[in-house]
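*Asks:* Handing over data22.csv, CSV, N, CA and C atoms.
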```csv
chain,number,residue,atom,x,y,z
X,1,MET,N,-13.3,17.5,89.9
X,1,MET,CA,-13.5,17.0,88.6
X,1,MET,C,-12.1,17.0,87.9
X,2,SER,N,-11.8,15.9,87.2
X,2,SER,CA,-10.5,15.8,86.5
X,2,SER,C,-10.6,16.5,85.2
X,3,ILE,N,-9.5,16.8,84.6
X,3,ILE,CA,-9.4,17.5,83.3
X,3,ILE,C,-10.0,16.6,82.2
X,4,ASN,N,-9.7,15.3,82.3
X,4,ASN,CA,-10.2,14.4,81.2
X,4,ASN,C,-11.6,14.0,81.4
X,5,GLY,N,-12.3,14.3,82.6
X,5,GLY,CA,-13.6,13.9,82.8
X,5,GLY,C,-13.8,12.4,83.0
X,6,SER,N,-13.5,12.0,84.2
X,6,SER,CA,-13.7,10.6,84.6
X,6,SER,C,-15.2,10.3,84.8
X,7,VAL,N,-15.5,9.0,84.6
X,7,VAL,CA,-16.9,8.6,84.8
X,7,VAL,C,-17.4,8.9,86.2
X,8,SER,N,-16.5,8.8,87.2
X,8,SER,CA,-16.9,9.1,88.6
X,8,SER,C,-17.3,10.5,88.8
X,9,ASP,N,-16.9,11.5,87.8
X,9,ASP,CA,-17.4,12.8,87.9
X,9,ASP,C,-18.9,13.0,87.7
X,10,TYR,N,-19.5,12.0,87.0
X,10,TYR,CA,-20.9,12.1,86.6
X,10,TYR,C,-21.8,11.3,87.4
X,11,VAL,N,-21.5,11.1,88.7
X,11,VAL,CA,-22.4,10.5,89.7
X,11,VAL,C,-22.7,11.5,90.8
X,12,PHE,N,-23.7,11.1,91.6
X,12,PHE,CA,-24.1,12.0,92.7
X,12,PHE,C,-22.9,12.3,93.5
X,13,GLY,N,-22.7,13.6,93.7
X,13,GLY,CA,-21.5,14.1,94.5
X,13,GLY,C,-20.2,14.0,93.8
X,14,GLY,N,-20.2,13.7,92.5
X,14,GLY,CA,-19.0,13.6,91.7
X,14,GLY,C,-18.2,14.8,91.4
X,15,PHE,N,-18.8,16.0,91.5
X,15,PHE,CA,-18.1,17.3,91.3
X,15,PHE,C,-17.7,17.8,92.6
X,16,ASP,N,-16.5,18.4,92.6
X,16,ASP,CA,-16.0,19.1,93.8
X,16,ASP,C,-16.9,20.4,94.0
X,17,ARG,N,-17.0,20.7,95.3
X,17,ARG,CA,-17.7,21.9,95.7
X,17,ARG,C,-16.7,23.1,95.7
X,18,ASP,N,-16.2,23.4,94.6
X,18,ASP,CA,-15.2,24.5,94.5
X,18,ASP,C,-15.9,25.7,93.9
X,19,PRO,N,-15.3,26.9,94.0
X,19,PRO,CA,-16.0,28.1,93.5
X,19,PRO,C,-16.4,28.1,92.1
X,20,VAL,N,-15.6,27.4,91.2
X,20,VAL,CA,-16.0,27.4,89.8
X,20,VAL,C,-17.3,26.6,89.6
X,21,ASN,N,-17.4,25.5,90.2
X,21,ASN,CA,-18.6,24.6,90.1
X,21,ASN,C,-19.8,25.3,90.7
X,22,VAL,N,-19.6,26.0,91.8
X,22,VAL,CA,-20.8,26.7,92.5
X,22,VAL,C,-21.2,27.8,91.6
X,23,LEU,N,-20.2,28.5,91.0
X,23,LEU,CA,-20.6,29.6,90.0
X,23,LEU,C,-21.4,29.1,88.8
X,24,ARG,N,-21.0,27.9,88.3
X,24,ARG,CA,-21.7,27.3,87.2
X,24,ARG,C,-23.2,27.0,87.6
X,25,LEU,N,-23.4,26.5,88.9
X,25,LEU,CA,-24.7,26.3,89.4
X,25,LEU,C,-25.5,27.6,89.5
X,26,ILE,N,-24.9,28.6,90.0
X,26,ILE,CA,-25.5,29.9,90.1
X,26,ILE,C,-26.0,30.4,88.7
X,27,SER,N,-25.1,30.2,87.7
X,27,SER,CA,-25.4,30.6,86.4
X,27,SER,C,-26.7,29.9,85.9
X,28,GLU,N,-26.8,28.6,86.1
X,28,GLU,CA,-28.0,27.9,85.7
X,28,GLU,C,-29.2,28.4,86.4
X,29,LEU,N,-29.1,28.6,87.7
X,29,LEU,CA,-30.2,29.1,88.5
X,29,LEU,C,-30.7,30.5,88.0
X,30,GLU,N,-29.7,31.4,87.7
X,30,GLU,CA,-30.0,32.7,87.1
X,30,GLU,C,-30.8,32.6,85.8
X,31,GLY,N,-30.3,31.7,85.0
X,31,GLY,CA,-31.0,31.5,83.7
X,31,GLY,C,-32.4,31.1,83.9
X,32,SER,N,-32.6,30.1,84.8
X,32,SER,CA,-34.0,29.6,85.1
X,32,SER,C,-34.8,30.7,85.7
X,33,TYR,N,-34.3,31.5,86.5
X,33,TYR,CA,-35.0,32.6,87.1
X,33,TYR,C,-35.5,33.6,86.1
X,34,GLN,N,-34.7,33.9,85.1
X,34,GLN,CA,-35.1,34.8,84.0
X,34,GLN,C,-36.2,34.2,83.2
X,35,LEU,N,-36.1,32.9,82.9
X,35,LEU,CA,-37.2,32.3,82.1
X,35,LEU,C,-38.5,32.3,82.9
X,36,LEU,N,-38.5,32.0,84.2
X,36,LEU,CA,-39.7,32.1,85.0
X,36,LEU,C,-40.2,33.5,85.1
X,37,LYS,N,-39.3,34.5,85.1
X,37,LYS,CA,-39.8,35.9,85.2
X,37,LYS,C,-40.6,36.2,83.9
X,38,TYR,N,-40.0,35.9,82.8
X,38,TYR,CA,-40.7,36.3,81.5
X,38,TYR,C,-41.9,35.5,81.2
X,39,MET,N,-42.0,34.3,81.9
X,39,MET,CA,-43.2,33.5,81.7
X,39,MET,C,-44.3,33.8,82.8
X,40,GLY,N,-43.9,34.6,83.8
X,40,GLY,CA,-44.9,35.0,84.8
X,40,GLY,C,-45.1,34.1,86.0
X,41,PHE,N,-44.1,33.3,86.3
X,41,PHE,CA,-44.2,32.3,87.4
X,41,PHE,C,-43.5,32.9,88.7
X,42,GLU,N,-44.2,33.8,89.3
X,42,GLU,CA,-43.6,34.6,90.4
X,42,GLU,C,-43.3,33.7,91.6
X,43,GLU,N,-44.2,32.8,92.0
X,43,GLU,CA,-43.9,31.9,93.1
X,43,GLU,C,-42.6,31.1,92.9
X,44,ASP,N,-42.5,30.6,91.7
X,44,ASP,CA,-41.3,29.8,91.4
X,44,ASP,C,-40.0,30.7,91.4
X,45,MET,N,-40.2,31.9,90.9
X,45,MET,CA,-39.1,32.9,90.9
X,45,MET,C,-38.6,33.1,92.3
X,46,ASN,N,-39.5,33.3,93.2
X,46,ASN,CA,-39.2,33.5,94.6
X,46,ASN,C,-38.5,32.3,95.2
X,47,THR,N,-38.9,31.1,94.9
X,47,THR,CA,-38.2,29.9,95.4
X,47,THR,C,-36.8,29.9,94.9
X,48,LEU,N,-36.6,30.1,93.6
X,48,LEU,CA,-35.2,30.1,93.0
X,48,LEU,C,-34.4,31.3,93.6
X,49,ASP,N,-35.0,32.4,93.9
X,49,ASP,CA,-34.3,33.5,94.6
X,49,ASP,C,-33.7,33.1,95.9
X,50,ASP,N,-34.5,32.4,96.7
X,50,ASP,CA,-34.1,31.8,98.0
X,50,ASP,C,-32.9,30.9,97.8
X,51,MET,N,-33.0,30.0,96.8
X,51,MET,CA,-32.0,29.0,96.5
X,51,MET,C,-30.7,29.8,96.1
X,52,LYS,N,-30.8,30.8,95.2
X,52,LYS,CA,-29.6,31.5,94.7
X,52,LYS,C,-28.9,32.1,95.9
X,53,LYS,N,-29.6,32.7,96.9
X,53,LYS,CA,-28.9,33.3,98.0
X,53,LYS,C,-28.0,32.3,98.7
X,54,VAL,N,-28.5,31.1,98.9
X,54,VAL,CA,-27.7,30.1,99.6
X,54,VAL,C,-26.4,29.8,98.8
X,55,TYR,N,-26.5,29.7,97.5
X,55,TYR,CA,-25.3,29.4,96.7
X,55,TYR,C,-24.4,30.6,96.5
X,56,TYR,N,-24.9,31.8,96.5
X,56,TYR,CA,-24.0,33.0,96.4
X,56,TYR,C,-23.2,33.0,97.7
X,57,LYS,N,-23.9,32.8,98.9
X,57,LYS,CA,-23.1,32.8,100.2
X,57,LYS,C,-22.0,31.7,100.2
X,58,LEU,N,-22.4,30.5,99.7
X,58,LEU,CA,-21.4,29.5,99.6
X,58,LEU,C,-20.2,29.8,98.7
X,59,TYR,N,-20.6,30.4,97.5
X,59,TYR,CA,-19.5,30.8,96.6
X,59,TYR,C,-18.5,31.8,97.2
X,60,PHE,N,-19.0,32.8,97.9
X,60,PHE,CA,-18.1,33.8,98.5
X,60,PHE,C,-17.4,33.3,99.6
X,61,LYS,N,-17.9,32.3,100.4
X,61,LYS,CA,-17.2,31.6,101.5
X,61,LYS,C,-16.1,30.8,100.9
X,62,LEU,N,-16.3,30.1,99.8
X,62,LEU,CA,-15.3,29.3,99.2
X,62,LEU,C,-14.2,30.1,98.6
X,63,LYS,N,-14.6,31.3,98.0
X,63,LYS,CA,-13.6,32.2,97.5
X,63,LYS,C,-12.7,32.7,98.5
X,64,ARG,N,-13.2,33.1,99.7
X,64,ARG,CA,-12.4,33.6,100.8
X,64,ARG,C,-11.5,32.5,101.3
X,65,GLU,N,-12.0,31.3,101.4
X,65,GLU,CA,-11.1,30.2,101.9
X,65,GLU,C,-10.0,29.9,100.9
X,66,GLN,N,-10.3,30.1,99.7
X,66,GLN,CA,-9.3,29.7,98.6
X,66,GLN,C,-8.2,30.7,98.6
X,67,GLY,N,-8.5,32.0,99.1
X,67,GLY,CA,-7.4,33.0,99.2
X,67,GLY,C,-7.3,33.8,98.1
```
Taking this structure as input, can you express it in the form of structure tokens?
*Replies:*
Amino acid sequence: MSINGSVSDYVFGGFDRDPVNVLRLISELEGSYQLLKYMGFEEDMNTLDDMKKVYYKLYFKLKREQG
């Protein structure tokens, strides 16, 4: 993603899969998880928990590769 925000950033696949963007995604998933928790949607919480695990693994892999 460029500093100025090109139109090409806002299409499918437009963001780089870098640690910062993956962390942004994790943050959104964590927020959704909390809302589901407080609203009592346990099955959906479990689904998001599985999704979060995938992205946490990706985040740490990217951080290691980045150095």
*Asks:* Can you pull out every residue within 7 Å of X:Asp44, counting all atoms listed in the file, but drop anything in the same chain fewer than 5 positions away, and send it as a PDB file with N, CA and C atoms, in the frame of the given file?
*Replies:*
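Final file, out.pdb:
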```pdb
ATOM      1  N   TYR X  33     -34.300  31.500  86.500  1.00  0.00           N
ATOM      2  CA  TYR X  33     -35.000  32.600  87.100  1.00  0.00           C
ATOM      3  C   TYR X  33     -35.500  33.600  86.100  1.00  0.00           C
ATOM      4  N   LEU X  36     -38.500  32.000  84.200  1.00  0.00           N
ATOM      5  CA  LEU X  36     -39.700  32.100  85.000  1.00  0.00           C
ATOM      6  C   LEU X  36     -40.200  33.500  85.100  1.00  0.00           C
ATOM      7  N   ASP X  49     -35.000  32.400  93.900  1.00  0.00           N
ATOM      8  CA  ASP X  49     -34.300  33.500  94.600  1.00  0.00           C
ATOM      9  C   ASP X  49     -33.700  33.100  95.900  1.00  0.00           C
TER      10      ASP X  49
END
```
*Asks:* Go through chain X and collect every residue that DSSP, computed from the backbone, puts in helix (DSSP H, G or I); the answer should be as a PyMOL selection string.
*Replies:* chain X and resi 7-10+19-39+42-66
*Asks:* Compare X:Leu35, X:Leu29, X:Pro19, X:Gln66 by their minimum atom-to-atom distance to X:Met51, counting only C-alpha atoms, and give me the closest one.
*Replies:*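 Once distances to X:Met51 are computed over only C-alpha atoms, the minimum belongs to X:Leu29.
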*Asks:* So, with only N, CA and C atoms as the atoms that count, which of X:Val7, X:Leu58, X:Leu48, X:Met39 lies closest to X:Val22?
*Replies:*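 Looking at the shortest contact to X:Val22, the residue is X:Leu58.
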*Asks:* Record the distance separating atom CA of X:Ile26 and atom CA of X:Ser6, expressed in Å with one decimal.
*Replies:*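 Computing the Euclidean distance for atom CA of X:Ile26 and atom CA of X:Ser6 yields 23.3 Å.
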*Asks:* Between X:Tyr59, X:Ser8, X:Phe41, X:Arg64, which one has atoms that come closest to X:Val20, using only C-alpha atoms?
*Replies:*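 Going through X:Tyr59, X:Ser8, X:Phe41, X:Arg64 one by one, the smallest distance to X:Val20 is for X:Tyr59.
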*Asks:* Find the distance between atom CA of X:Tyr56 and atom N of X:Gly31 and write it in Å to one decimal.
*Replies:* 13.1 Å
*Asks:* What is the distance, in Å and to one decimal place, between atom CA of X:Lys57 and atom CA of X:Leu23?
*Replies:*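 Distance between the two atoms: 11.0 Å.
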